[in-house]
>>> print(open('data08.cif').read())   # mmCIF, C-alpha atoms
data_protein
#
loop_
_atom_site.label_atom_id
_atom_site.label_comp_id
_atom_site.auth_asym_id
_atom_site.auth_seq_id
_atom_site.Cartn_x
_atom_site.Cartn_y
_atom_site.Cartn_z
CA MET X 1 0.00 0.00 0.00
CA THR X 2 1.45 3.39 -0.91
CA LYS X 3 1.71 6.16 1.70
CA ARG X 4 -0.96 8.11 -0.19
CA HIS X 5 -3.27 5.11 -0.21
CA PHE X 6 -2.60 4.52 3.49
CA ASP X 7 -3.48 8.13 4.36
CA ASP X 8 -6.74 7.75 2.42
CA GLU X 9 -7.44 4.58 4.38
CA LEU X 10 -6.86 6.42 7.67
CA ILE X 11 -9.34 9.13 6.66
CA PHE X 12 -11.84 6.48 5.65
CA LEU X 13 -11.36 4.63 8.96
CA ARG X 14 -12.00 7.84 10.88
CA GLY X 15 -15.20 8.31 8.88
CA ARG X 16 -16.42 4.81 9.71
CA ILE X 17 -15.86 5.43 13.44
CA LEU X 18 -17.81 8.69 13.23
CA THR X 19 -20.65 6.98 11.35
CA MET X 20 -20.80 4.33 14.06
CA GLY X 21 -20.75 7.00 16.77
CA GLY X 22 -23.60 8.86 15.07
CA LEU X 23 -25.69 5.69 14.99
CA CYS X 24 -25.02 5.17 18.71
CA GLU X 25 -26.13 8.71 19.56
CA GLU X 26 -29.30 8.16 17.54
CA MET X 27 -29.96 4.87 19.35
CA ILE X 28 -29.70 6.53 22.76
CA HIS X 29 -32.09 9.33 21.80
CA GLU X 30 -34.60 6.87 20.34
CA ALA X 31 -34.36 4.50 23.31
CA VAL X 32 -35.10 7.30 25.74
CA LYS X 33 -37.98 8.61 23.61
CA ILE X 34 -39.76 5.30 24.24
CA LEU X 35 -39.81 6.26 27.91
CA LEU X 36 -40.20 10.02 27.80
CA ALA X 37 -42.61 10.31 24.86
CA ARG X 38 -44.27 7.02 25.90
CA ASP X 39 -43.98 5.84 22.30
CA PRO X 40 -42.85 2.20 21.83
CA SER X 41 -42.55 2.58 18.04
CA PHE X 42 -38.95 3.84 18.40
CA GLY X 43 -37.94 0.31 19.40
CA ASP X 44 -37.84 -0.84 15.76
CA SER X 45 -35.41 1.86 14.82
CA VAL X 46 -33.16 1.04 17.81
CA ALA X 47 -33.07 -2.60 16.67
CA ARG X 48 -32.28 -1.66 13.05
CA ASN X 49 -29.49 0.67 14.14
CA GLU X 50 -28.05 -2.00 16.41
CA GLU X 51 -27.62 -4.29 13.41
CA ARG X 52 -25.79 -1.55 11.53
CA VAL X 53 -23.55 -0.89 14.55
CA ASN X 54 -22.75 -4.60 14.85
CA ASP X 55 -21.82 -4.79 11.17
CA LEU X 56 -19.57 -1.75 11.53
CA HIS X 57 -17.99 -3.26 14.65
CA ILE X 58 -16.76 -6.26 12.68
CA GLU X 59 -15.84 -4.23 9.60
CA ILE X 60 -13.76 -1.67 11.54
CA ASP X 61 -11.84 -4.32 13.46
CA ASP X 62 -11.06 -6.13 10.24
CA ARG X 63 -10.04 -2.90 8.51
CA CYS X 64 -7.68 -1.97 11.39
CA LEU X 65 -5.97 -5.38 11.41
CA LYS X 66 -5.41 -5.25 7.65
CA MET X 67 -4.03 -1.71 7.87
CA ILE X 68 -1.51 -2.76 10.51
CA ALA X 69 -0.52 -5.93 8.67
CA LEU X 70 -0.10 -4.27 5.25
CA ASN X 71 1.49 -0.95 6.28
CA GLN X 72 3.48 -1.62 9.43
CA PRO X 73 2.63 1.82 10.77
CA ALA X 74 4.57 3.30 13.69
CA ALA X 75 4.20 6.10 16.22
CA GLU X 76 1.12 8.29 15.72
CA ASP X 77 -0.37 6.27 12.83
CA LEU X 78 -0.19 3.09 14.88
CA ARG X 79 -1.68 4.86 17.89
CA LEU X 80 -4.53 6.12 15.70
CA ILE X 81 -5.34 2.62 14.47
CA THR X 82 -5.20 1.03 17.92
CA ALA X 83 -7.29 3.92 19.29
CA ALA X 84 -9.83 3.20 16.55
CA MET X 85 -9.96 -0.47 17.63
CA LYS X 86 -10.62 0.53 21.23
CA ILE X 87 -13.18 3.18 20.34
CA ASN X 88 -14.86 0.56 18.16
CA SER X 89 -15.27 -1.74 21.20
CA ASP X 90 -16.59 1.10 23.34
CA LEU X 91 -19.14 2.16 20.74
CA GLU X 92 -20.41 -1.38 20.33
CA ARG X 93 -21.01 -1.48 24.09
CA VAL X 94 -22.71 1.91 24.00
CA ALA X 95 -25.13 0.41 21.48
CA ASP X 96 -25.74 -2.54 23.85
CA GLN X 97 -26.59 -0.06 26.61
CA ALA X 98 -29.00 1.79 24.32
CA VAL X 99 -30.72 -1.53 23.58
CA ASN X 100 -31.04 -2.16 27.31
CA VAL X 101 -32.57 1.29 27.82
CA ALA X 102 -35.02 0.64 24.97
CA GLU X 103 -36.09 -2.72 26.41
CA THR X 104 -36.50 -1.42 29.94
CA SER X 105 -38.39 1.64 28.64
CA ALA X 106 -40.76 -0.54 26.61
CA TYR X 107 -41.44 -2.61 29.72
CA LEU X 108 -42.07 0.53 31.79
CA LEU X 109 -44.84 1.60 29.39
CA LYS X 110 -46.90 -1.31 30.72
CA LEU X 111 -46.79 0.15 34.23
CA PRO X 112 -48.30 3.39 35.57
CA THR X 113 -46.14 6.50 34.97
CA LEU X 114 -43.46 7.45 37.48
CA LYS X 115 -41.60 10.71 37.13
CA ALA X 116 -38.26 10.25 35.42
CA GLY X 117 -36.43 12.78 37.63
CA HIS X 118 -32.89 13.43 36.43
CA ILE X 119 -33.05 10.91 33.56
CA PRO X 120 -33.39 13.58 30.80
CA ARG X 121 -30.39 15.46 32.21
CA MET X 122 -28.40 12.21 32.37
CA VAL X 123 -29.28 11.55 28.72
CA ASP X 124 -28.19 15.04 27.61
CA LEU X 125 -24.95 14.80 29.54
CA ALA X 126 -24.09 11.28 28.30
CA THR X 127 -24.89 11.98 24.65
CA GLY X 128 -23.00 15.29 24.83
CA MET X 129 -19.97 13.50 26.25
CA LEU X 130 -20.18 10.84 23.55
CA LYS X 131 -20.48 13.39 20.77
CA ASP X 132 -17.58 15.48 22.09
CA SER X 133 -15.34 12.44 22.62
CA LEU X 134 -15.83 11.54 18.94
CA ASP X 135 -15.28 15.16 17.82
CA ALA X 136 -12.09 15.10 19.90
CA PHE X 137 -11.06 11.93 18.02
CA ALA X 138 -11.91 13.46 14.63
CA HIS X 139 -9.98 16.69 15.29
CA LYS X 140 -7.26 15.30 17.59
CA ASP X 141 -8.52 17.82 20.15
CA VAL X 142 -6.94 17.09 23.54
CA ASP X 143 -8.69 19.96 25.32
CA LEU X 144 -12.11 18.74 24.23
CA ALA X 145 -11.19 15.20 25.33
CA ARG X 146 -10.20 16.55 28.75
CA SER X 147 -13.53 18.36 29.09
CA VAL X 148 -15.33 15.06 28.45
CA ILE X 149 -13.37 13.37 31.25
CA GLN X 150 -14.23 16.20 33.63
CA ARG X 151 -17.97 15.84 32.98
CA ASP X 152 -18.01 12.20 34.09
CA ASP X 153 -18.23 13.15 37.79
CA GLU X 154 -21.43 15.08 37.11
CA GLU X 155 -23.02 11.99 35.52
CA ASP X 156 -22.03 9.93 38.56
CA ARG X 157 -23.55 12.55 40.83
CA LEU X 158 -26.84 12.51 38.89
CA LYS X 159 -26.89 8.71 39.03
CA SER X 160 -26.56 8.83 42.84
CA GLU X 161 -29.32 11.43 43.06
CA VAL X 162 -31.65 9.26 40.97
CA PHE X 163 -30.92 6.38 43.33
CA THR X 164 -31.54 8.39 46.52
CA GLU X 165 -34.70 9.98 45.17
CA LEU X 166 -36.23 6.71 43.95
CA LEU X 167 -35.26 4.86 47.12
CA GLN X 168 -37.30 7.39 49.07
CA ILE X 169 -40.27 7.06 46.71
CA MET X 170 -40.19 3.26 47.02
CA GLN X 171 -39.99 3.39 50.79
CA THR X 172 -42.95 5.76 50.92
CA ASP X 173 -45.12 3.85 48.46
CA ALA X 174 -44.38 0.15 47.90
CA SER X 175 -46.58 0.08 44.79
CA THR X 176 -43.84 2.04 42.96
CA ILE X 177 -41.04 -0.45 43.68
CA GLN X 178 -40.98 -2.23 40.35
CA ARG X 179 -41.16 0.95 38.25
CA ALA X 180 -38.57 2.71 40.39
CA LEU X 181 -36.18 -0.24 40.08
CA GLU X 182 -36.39 -0.17 36.30
CA ILE X 183 -35.65 3.57 36.24
CA ILE X 184 -32.62 3.00 38.49
CA LEU X 185 -31.37 0.42 35.97
CA ILE X 186 -31.81 2.93 33.14
CA SER X 187 -29.77 5.47 35.10
CA ARG X 188 -26.99 2.85 35.38
CA ASN X 189 -27.10 2.25 31.62
CA LEU X 190 -26.71 5.99 31.02
CA GLU X 191 -23.83 6.18 33.48
CA ARG X 192 -22.10 3.36 31.60
CA ILE X 193 -22.52 5.26 28.33
CA ALA X 194 -20.79 8.24 29.98
CA ASP X 195 -18.01 5.85 31.13
CA HIS X 196 -17.51 4.66 27.56
CA ALA X 197 -17.31 8.29 26.38
CA THR X 198 -14.66 8.85 29.08
CA ASN X 199 -12.71 5.81 27.83
CA ILE X 200 -12.85 7.20 24.29
CA ALA X 201 -11.60 10.60 25.50
CA GLU X 202 -8.68 8.91 27.30
CA ASP X 203 -7.83 6.97 24.13
CA VAL X 204 -7.84 10.23 22.15
CA ILE X 205 -5.40 11.87 24.56
CA PHE X 206 -3.08 8.86 24.33
CA MET X 207 -3.40 8.84 20.55
CA VAL X 208 -2.39 12.50 20.25
CA LEU X 209 0.17 12.87 23.03
CA GLY X 210 1.47 9.30 23.24
CA LYS X 211 0.99 9.67 26.98
CA ASP X 212 -1.15 7.36 29.08
CA ILE X 213 -3.32 9.37 31.46
CA ARG X 214 -5.40 6.46 32.71
CA HIS X 215 -5.28 5.53 36.37
CA LYS X 216 -3.67 8.83 37.33
CA SER X 217 -5.03 10.53 40.40
CA GLY X 218 -7.52 13.24 39.51
CA LYS X 219 -7.80 11.59 36.10
CA GLU X 220 -5.17 13.95 34.66
CA MET T 1 14.12 -7.59 17.22
CA THR T 2 15.03 -11.13 16.09
CA LYS T 3 12.32 -13.74 15.54
CA ARG T 4 13.59 -15.62 18.59
CA HIS T 5 13.43 -12.48 20.72
CA PHE T 6 9.93 -11.72 19.39
CA ASP T 7 8.69 -15.21 20.31
CA ASP T 8 10.08 -14.72 23.82
CA GLU T 9 8.24 -11.41 24.02
CA LEU T 10 5.00 -13.10 22.98
CA ILE T 11 5.40 -15.69 25.74
CA PHE T 12 6.13 -12.94 28.24
CA LEU T 13 3.09 -10.95 27.08
CA ARG T 14 0.88 -14.00 27.56
CA GLY T 15 2.28 -14.37 31.08
CA ARG T 16 1.48 -10.76 31.95
CA ILE T 17 -2.13 -11.20 30.79
CA LEU T 18 -2.47 -14.34 32.92
CA THR T 19 -1.00 -12.56 35.94
CA MET T 20 -3.51 -9.74 35.47
CA GLY T 21 -6.33 -12.27 35.11
CA GLY T 22 -5.27 -14.04 38.32
CA LEU T 23 -5.34 -10.74 40.21
CA CYS T 24 -8.85 -10.05 38.88
CA GLU T 25 -10.09 -13.47 40.01
CA GLU T 26 -8.63 -12.83 43.44
CA MET T 27 -10.30 -9.42 43.61
CA ILE T 28 -13.72 -10.89 42.84
CA HIS T 29 -13.35 -13.57 45.51
CA GLU T 30 -12.20 -11.03 48.10
CA ALA T 31 -14.92 -8.53 47.22
CA VAL T 32 -17.61 -11.14 47.68
CA LYS T 33 -16.08 -12.36 50.95
CA ILE T 34 -16.79 -8.93 52.41
CA LEU T 35 -20.49 -9.67 51.88
CA LEU T 36 -20.69 -13.40 52.48
CA ALA T 37 -18.22 -13.69 55.38
CA ARG T 38 -19.31 -10.25 56.65
CA ASP T 39 -15.63 -9.29 56.93
CA PRO T 40 -14.75 -5.77 55.71
CA SER T 41 -10.99 -6.38 56.08
CA PHE T 42 -10.81 -7.84 52.56
CA GLY T 43 -11.41 -4.34 51.19
CA ASP T 44 -7.74 -3.38 51.65
CA SER T 45 -6.58 -6.29 49.58
CA VAL T 46 -9.07 -5.47 46.81
CA ALA T 47 -7.72 -1.90 46.72
CA ARG T 48 -4.07 -3.09 46.61
CA ASN T 49 -4.83 -5.53 43.81
CA GLU T 50 -6.64 -2.84 41.86
CA GLU T 51 -3.46 -0.75 41.82
CA ARG T 52 -1.49 -3.69 40.49
CA VAL T 53 -4.12 -4.34 37.81
CA ASN T 54 -4.04 -0.67 36.78
CA ASP T 55 -0.24 -0.73 36.48
CA LEU T 56 -0.42 -3.90 34.38
CA HIS T 57 -3.13 -2.33 32.21
CA ILE T 58 -0.77 0.48 31.17
CA GLU T 59 2.29 -1.78 30.92
CA ILE T 60 0.56 -4.35 28.68
CA ASP T 61 -0.85 -1.74 26.30
CA ASP T 62 2.57 -0.16 25.99
CA ARG T 63 4.23 -3.53 25.45
CA CYS T 64 1.74 -4.46 22.69
CA LEU T 65 2.21 -1.17 20.82
CA LYS T 66 6.01 -1.56 20.92
CA MET T 67 5.79 -5.16 19.73
CA ILE T 68 3.67 -4.13 16.74
CA ALA T 69 5.87 -1.12 15.89
CA LEU T 70 9.18 -3.00 16.16
CA ASN T 71 8.22 -6.35 14.61
CA GLN T 72 5.52 -5.64 12.08
CA PRO T 73 3.83 -8.93 12.88
CA ALA T 74 1.22 -10.39 10.54
CA ALA T 75 -1.52 -13.02 10.62
CA GLU T 76 -1.70 -15.04 13.84
CA ASP T 77 1.02 -13.09 15.70
CA LEU T 78 -0.77 -9.80 15.01
CA ARG T 79 -4.08 -11.32 16.05
CA LEU T 80 -2.49 -12.51 19.29
CA ILE T 81 -1.19 -9.03 20.12
CA THR T 82 -4.45 -7.28 19.29
CA ALA T 83 -6.35 -9.93 21.27
CA ALA T 84 -4.04 -9.20 24.22
CA MET T 85 -4.88 -5.49 23.95
CA LYS T 86 -8.60 -6.23 24.03
CA ILE T 87 -8.32 -8.75 26.85
CA ASN T 88 -6.29 -6.14 28.73
CA SER T 89 -9.20 -3.68 28.49
CA ASP T 90 -11.72 -6.29 29.56
CA LEU T 91 -9.66 -7.32 32.58
CA GLU T 92 -9.24 -3.73 33.69
CA ARG T 93 -13.03 -3.39 33.63
CA VAL T 94 -13.46 -6.67 35.51
CA ALA T 95 -11.29 -5.15 38.24
CA ASP T 96 -13.54 -2.06 38.27
CA GLN T 97 -16.55 -4.31 38.77
CA ALA T 98 -14.83 -6.12 41.63
CA VAL T 99 -14.17 -2.75 43.29
CA ASN T 100 -17.87 -1.89 42.90
CA VAL T 101 -18.84 -5.21 44.51
CA ALA T 102 -16.41 -4.54 47.38
CA GLU T 103 -17.80 -1.05 48.00
CA THR T 104 -21.42 -2.14 47.86
CA SER T 105 -20.66 -5.12 50.10
CA ALA T 106 -18.92 -2.92 52.68
CA TYR T 107 -21.97 -0.64 52.69
CA LEU T 108 -24.31 -3.62 53.11
CA LEU T 109 -22.49 -4.64 56.32
CA LYS T 110 -23.96 -1.54 57.96
CA LEU T 111 -27.49 -2.81 57.33
CA PRO T 112 -29.26 -5.87 58.75
CA THR T 113 -28.53 -9.11 56.89
CA LEU T 114 -30.60 -10.11 53.88
CA LYS T 115 -30.16 -13.51 52.30
CA ALA T 116 -27.87 -13.34 49.29
CA GLY T 117 -29.89 -15.87 47.25
CA HIS T 118 -28.15 -16.81 44.02
CA ILE T 119 -25.19 -14.45 44.52
CA PRO T 120 -22.72 -17.23 45.49
CA ARG T 121 -23.71 -19.23 42.38
CA MET T 122 -23.32 -16.12 40.22
CA VAL T 123 -19.83 -15.60 41.68
CA ASP T 124 -18.78 -19.20 41.00
CA LEU T 125 -20.11 -19.07 37.47
CA ALA T 126 -18.52 -15.68 36.65
CA THR T 127 -15.10 -16.53 38.09
CA GLY T 128 -15.17 -19.95 36.39
CA MET T 129 -15.96 -18.27 33.07
CA LEU T 130 -13.15 -15.75 33.59
CA LYS T 131 -10.63 -18.44 34.51
CA ASP T 132 -11.59 -20.62 31.54
CA SER T 133 -11.52 -17.71 29.09
CA LEU T 134 -7.92 -17.00 30.15
CA ASP T 135 -6.98 -20.69 29.99
CA ALA T 136 -8.47 -20.73 26.49
CA PHE T 137 -6.24 -17.74 25.65
CA ALA T 138 -3.15 -19.39 27.13
CA HIS T 139 -3.68 -22.71 25.30
CA LYS T 140 -5.41 -21.37 22.16
CA ASP T 141 -8.28 -23.68 23.10
CA VAL T 142 -11.30 -22.87 20.92
CA ASP T 143 -13.55 -25.52 22.50
CA LEU T 144 -12.98 -24.13 25.98
CA ALA T 145 -13.66 -20.60 24.70
CA ARG T 146 -16.95 -21.83 23.20
CA SER T 147 -17.97 -23.40 26.50
CA VAL T 148 -17.43 -20.02 28.22
CA ILE T 149 -19.74 -18.31 25.71
CA GLN T 150 -22.41 -20.95 26.28
CA ARG T 151 -22.38 -20.37 30.06
CA ASP T 152 -23.26 -16.68 29.72
CA ASP T 153 -26.98 -17.43 29.34
CA GLU T 154 -27.00 -19.18 32.71
CA GLU T 155 -25.50 -16.08 34.37
CA ASP T 156 -28.19 -13.92 32.76
CA ARG T 157 -30.85 -16.32 34.01
CA LEU T 158 -29.50 -16.17 37.57
CA LYS T 159 -29.41 -12.35 37.41
CA SER T 160 -33.10 -12.31 36.43
CA GLU T 161 -33.95 -14.71 39.24
CA VAL T 162 -32.15 -12.51 41.78
CA PHE T 163 -34.16 -9.55 40.50
CA THR T 164 -37.52 -11.35 40.66
CA GLU T 165 -36.83 -12.79 44.09
CA LEU T 166 -35.69 -9.51 45.63
CA LEU T 167 -38.52 -7.56 44.04
CA GLN T 168 -40.94 -9.85 45.84
CA ILE T 169 -39.10 -9.46 49.15
CA MET T 170 -39.16 -5.65 48.82
CA GLN T 171 -42.84 -5.61 47.97
CA THR T 172 -43.63 -7.77 50.99
CA ASP T 173 -41.44 -5.85 53.44
CA ALA T 174 -40.53 -2.24 52.62
CA SER T 175 -37.84 -2.19 55.30
CA THR T 176 -35.71 -4.43 53.05
CA ILE T 177 -35.78 -2.08 50.03
CA GLN T 178 -32.37 -0.48 50.43
CA ARG T 179 -30.55 -3.75 51.15
CA ALA T 180 -32.32 -5.56 48.33
CA LEU T 181 -31.43 -2.77 45.88
CA GLU T 182 -27.74 -3.04 46.73
CA ILE T 183 -27.80 -6.82 46.20
CA ILE T 184 -29.47 -6.32 42.82
CA LEU T 185 -26.61 -3.96 41.89
CA ILE T 186 -24.06 -6.60 42.95
CA SER T 187 -25.81 -9.16 40.73
CA ARG T 188 -25.45 -6.70 37.81
CA ASN T 189 -21.72 -6.30 38.53
CA LEU T 190 -21.31 -10.09 38.46
CA GLU T 191 -23.25 -10.33 35.21
CA ARG T 192 -20.92 -7.74 33.69
CA ILE T 193 -17.90 -9.78 34.77
CA ALA T 194 -19.42 -12.77 32.94
CA ASP T 195 -19.94 -10.52 29.89
CA HIS T 196 -16.26 -9.55 29.95
CA ALA T 197 -15.29 -13.25 30.14
CA THR T 198 -17.53 -13.83 27.11
CA ASN T 199 -15.79 -11.00 25.25
CA ILE T 200 -12.41 -12.56 26.06
CA ALA T 201 -13.60 -15.97 24.82
CA GLU T 202 -14.78 -14.39 21.55
CA ASP T 203 -11.40 -12.68 21.14
CA VAL T 204 -9.65 -16.03 21.67
CA ILE T 205 -11.72 -17.70 18.94
CA PHE T 206 -10.93 -14.87 16.55
CA MET T 207 -7.26 -15.02 17.51
CA VAL T 208 -7.02 -18.75 16.77
CA LEU T 209 -9.35 -19.14 13.80
CA GLY T 210 -9.12 -15.66 12.29
CA LYS T 211 -12.91 -15.81 12.13
CA ASP T 212 -15.20 -13.27 13.73
CA ILE T 213 -18.03 -15.00 15.57
CA ARG T 214 -19.44 -11.90 17.24
CA HIS T 215 -22.97 -10.80 16.46
CA LYS T 216 -23.84 -14.16 14.91
CA SER T 217 -27.18 -15.66 15.85
CA GLY T 218 -26.78 -18.26 18.58
CA LYS T 219 -23.32 -16.76 19.10
CA GLU T 220 -21.71 -19.36 16.81
#
>>> encode(input="data08.cif", output="structure tokens")
Amino acid sequence: MTKRHFDDELIFLRGRILTMGGLCEEMIHEAVKILLARDPSFGDSVARNEERVNDLHIEIDDRCLKMIALNQPAAEDLRLITAAMKINSDLERVADQAVNVAETSAYLLKLPTLKAGHIPRMVDLATGMLKDSLDAFAHKDVDLARSVIQRDDEEDRLKSEVFTELLQIMQTDASTIQRALEIILISRNLERIADHATNIAEDVIFMVLGKDIRHKSGKE
Amino acid sequence: MTKRHFDDELIFLRGRILTMGGLCEEMIHEAVKILLARDPSFGDSVARNEERVNDLHIEIDDRCLKMIALNQPAAEDLRLITAAMKINSDLERVADQAVNVAETSAYLLKLPTLKAGHIPRMVDLATGMLKDSLDAFAHKDVDLARSVIQRDDEEDRLKSEVFTELLQIMQTDASTIQRALEIILISRNLERIADHATNIAEDVIFMVLGKDIRHKSGKE
């Protein structure tokens, strides 16, 4: 493969990752609409998008392996390809979480309504983090990646508030237990999506700087 | 790097992954002992082992990148190194789950006892899956990897039973709600550990056969 051809392949790989990320964002929004708009019809679209994400997951992994084997890249090019492989895994798991949210939301429609509390804020924060982590990847933007990592604490805080609030509701009115439990599980799914966005942001920083910031105190 | 030196490096890499896997197994057992033996002293050891896992996580990633850059491996050697990078990520997340179990268990000791139901069986199944997935990696054993993947459904089934059982207990006696919730969260952590073992088993099959079995119906 010529250098020119390899550079084209890198640009194409980046595009495939961004396509996959866009599908994941869409899946999260649709999954949550089932709950918040009380409209189960979004479930079909979540399922269709999951298939596309799964196809991309296999395609991107295969593409990365071939690029390494045929081009023997080093330094930043190699870090970009291995970052793409890791981001690929994270995105596939984001899609799994969106499917979980969709399934739990569809189940919740069968029960009486219970207020969703901080769930919409958790959704906005998690999808914003995911979007920015992928923009940081696309533009090799370390500052944006750092801002994603900083937002993760806020998502954890919201998750704890959801838990405390729903625990109180359950203890006051036992008829809400099942519904409240399901909403707590959705909040955990959203927190995991934010964790995946944080992983992606850490991979971007390593890709650009060649410096591993994981497991450092204060996350920096 | 000579071919001989590279082969030595591969053997060493495999050893580091197995060391990391052993630490993760230990962490899970210790975390659960806090709950089942009602002994919070195991928390220190979980925390110490997490530090070692985090150090290995960075070391192994770095080692893999250098091996690819310096040796330009192809085919099975390249698949082994990229499998090691993925297994490395999964093991680091297994350790995170063990820390979550340890923290939740320590919190549960402050509350009156509630029977742990299927939790011990979930622990045995998850740690068995993790151990076998790493043995499958060490011995390139596709059959063993397949058996790990097959066991994942049983872990999911146990998780659902824990949920159903505790939901009933909460609905009967509201004073148990908080404790029951925490045990449900532990069951989710254990299920995630089984998922990571399944991911590792899938990576092993791809490493050996060069065939991607993910996202296939019936998982084969």
>>> residues_around(input="data08.cif", residues="region 56-64 of chain T", least_positions_apart="2", cutoff="8 Å", atoms="only C-alpha atoms", output="list in words")
Asp212 and Arg214 of chain X; Leu13, Arg16, Ile17, Met20, Arg52, Val53, Asn54, Lys66, Met67, Ile68, Ile81, Thr82, Ala84, Met85, Asn88, Ser89 and Glu92 of chain T
>>> write_last_selection(input="data08.cif", atoms="C-alpha atoms", output="JSON list (two decimals), in the coordinates of the input")
[["chain", "number", "residue", "atom", "x", "y", "z"],
["X", 212, "ASP", "CA", -1.15, 7.36, 29.08],
["X", 214, "ARG", "CA", -5.40, 6.46, 32.71],
["T", 13, "LEU", "CA", 3.09, -10.95, 27.08],
["T", 16, "ARG", "CA", 1.48, -10.76, 31.95],
["T", 17, "ILE", "CA", -2.13, -11.20, 30.79],
["T", 20, "MET", "CA", -3.51, -9.74, 35.47],
["T", 52, "ARG", "CA", -1.49, -3.69, 40.49],
["T", 53, "VAL", "CA", -4.12, -4.34, 37.81],
["T", 54, "ASN", "CA", -4.04, -0.67, 36.78],
["T", 66, "LYS", "CA", 6.01, -1.56, 20.92],
["T", 67, "MET", "CA", 5.79, -5.16, 19.73],
["T", 68, "ILE", "CA", 3.67, -4.13, 16.74],
["T", 81, "ILE", "CA", -1.19, -9.03, 20.12],
["T", 82, "THR", "CA", -4.45, -7.28, 19.29],
["T", 84, "ALA", "CA", -4.04, -9.20, 24.22],
["T", 85, "MET", "CA", -4.88, -5.49, 23.95],
["T", 88, "ASN", "CA", -6.29, -6.14, 28.73],
["T", 89, "SER", "CA", -9.20, -3.68, 28.49],
["T", 92, "GLU", "CA", -9.24, -3.73, 33.69]]
>>> closest_atom_pairs(input="data08.cif", of="region 38-63 of chain T", to="region 109-116 of chain T", cutoff="9 Å", atoms="all atoms listed in the file", output="CSV")
residue,atom,partner,partner_atom,distance
T:Arg38,CA,T:Leu109,CA,6.5
T:Asp39,CA,T:Leu109,CA,8.3
T:Pro40,CA,T:Leu109,CA,7.8
>>> write_last_selection(input="data08.cif", atoms="C-alpha atoms", output="PDB file, in the coordinates of the input")
ATOM      1  CA  ARG T  38     -19.310 -10.250  56.650  1.00  0.00           C
ATOM      2  CA  ASP T  39     -15.630  -9.290  56.930  1.00  0.00           C
ATOM      3  CA  PRO T  40     -14.750  -5.770  55.710  1.00  0.00           C
TER       4      PRO T  40
END
>>> interface_residues(input="data08.cif", of="chain T", to="chain X", cutoff="9 Å", atoms="only C-alpha atoms", output="JSON, numbers by chain")
{"T": [51, 54, 55, 58, 62, 65, 66, 68, 69, 70, 71, 72, 73, 74, 75, 78, 79, 82, 85, 86, 89, 167, 170, 171, 172, 173, 174, 175, 177, 178, 181, 185, 212, 214, 215]}
>>> closest_residue(input="data08.cif", among="T:Asp203, T:Glu76, T:Asp8, T:Glu26", to="Val123 (chain T)", atoms="only C-alpha atoms")
T:Glu26
>>> atom_distance(input="data08.cif", atom1="CA of Glu202 (chain T)", atom2="CA of Asp153 (chain T)")
14.8 Å
>>> atom_distance(input="data08.cif", atom1="CA of Thr127 (chain T)", atom2="CA of Ser160 (chain T)")
18.6 Å
>>> atom_distance(input="data08.cif", atom1="CA of Ala136 (chain T)", atom2="CA of Asp7 (chain T)")
19.1 Å
>>> resolve_selection(input="data08.cif", expression="the PyMOL selection byres ((chain X and resi 159) around 12)", output="number ranges by chain")
X: 117-123, 125-126, 152-158, 160-166, 183-192, 194
>>> closest_residue(input="data08.cif", among="X:Arg4, X:Lys33, X:Arg93, X:Arg146", to="Glu50 (chain X)", atoms="only C-alpha atoms")
X:Arg93
>>> residues_around(input="data08.cif", residues="Ile200 (chain X)", least_positions_apart="6", cutoff="10 Å", atoms="all atoms listed in the file", output="number ranges by chain")
X: 83-84, 86-91, 129-130, 132-134, 136-137, 145, 148-149, 194, 206
>>> resolve_selection(input="data08.cif", expression="the PyMOL selection byres ((chain T and resi 43) around 9)", output="MDAnalysis selection string")
chainID T and resid 30:31 34 39:42 44:48 99 102:103 106
>>> write_last_selection(input="data08.cif", atoms="C-alpha atoms", output="PDB file, in the frame of the given file")
ATOM      1  CA  GLU T  30     -12.200 -11.030  48.100  1.00  0.00           C
ATOM      2  CA  ALA T  31     -14.920  -8.530  47.220  1.00  0.00           C
ATOM      3  CA  ILE T  34     -16.790  -8.930  52.410  1.00  0.00           C
ATOM      4  CA  ASP T  39     -15.630  -9.290  56.930  1.00  0.00           C
ATOM      5  CA  PRO T  40     -14.750  -5.770  55.710  1.00  0.00           C
ATOM      6  CA  SER T  41     -10.990  -6.380  56.080  1.00  0.00           C
ATOM      7  CA  PHE T  42     -10.810  -7.840  52.560  1.00  0.00           C
ATOM      8  CA  ASP T  44      -7.740  -3.380  51.650  1.00  0.00           C
ATOM      9  CA  SER T  45      -6.580  -6.290  49.580  1.00  0.00           C
ATOM     10  CA  VAL T  46      -9.070  -5.470  46.810  1.00  0.00           C
ATOM     11  CA  ALA T  47      -7.720  -1.900  46.720  1.00  0.00           C
ATOM     12  CA  ARG T  48      -4.070  -3.090  46.610  1.00  0.00           C
ATOM     13  CA  VAL T  99     -14.170  -2.750  43.290  1.00  0.00           C
ATOM     14  CA  ALA T 102     -16.410  -4.540  47.380  1.00  0.00           C
ATOM     15  CA  GLU T 103     -17.800  -1.050  48.000  1.00  0.00           C
ATOM     16  CA  ALA T 106     -18.920  -2.920  52.680  1.00  0.00           C
TER      17      ALA T 106
END
>>> closest_residue(input="data08.cif", among="T:Leu144, T:Ile28, T:Leu209, T:Leu36", to="Val94 (chain T)", atoms="all atoms listed in the file")
T:Ile28
>>> closest_residue(input="data08.cif", among="X:Ala201, X:Val208, X:Ala98, X:Met27", to="Arg151 (chain X)", atoms="all atoms listed in the file")
X:Ala201
>>> closest_residue(input="data08.cif", among="T:Leu108, T:Met207, T:Ala197, T:Leu80", to="Ile11 (chain T)", atoms="all atoms listed in the file")
T:Leu80
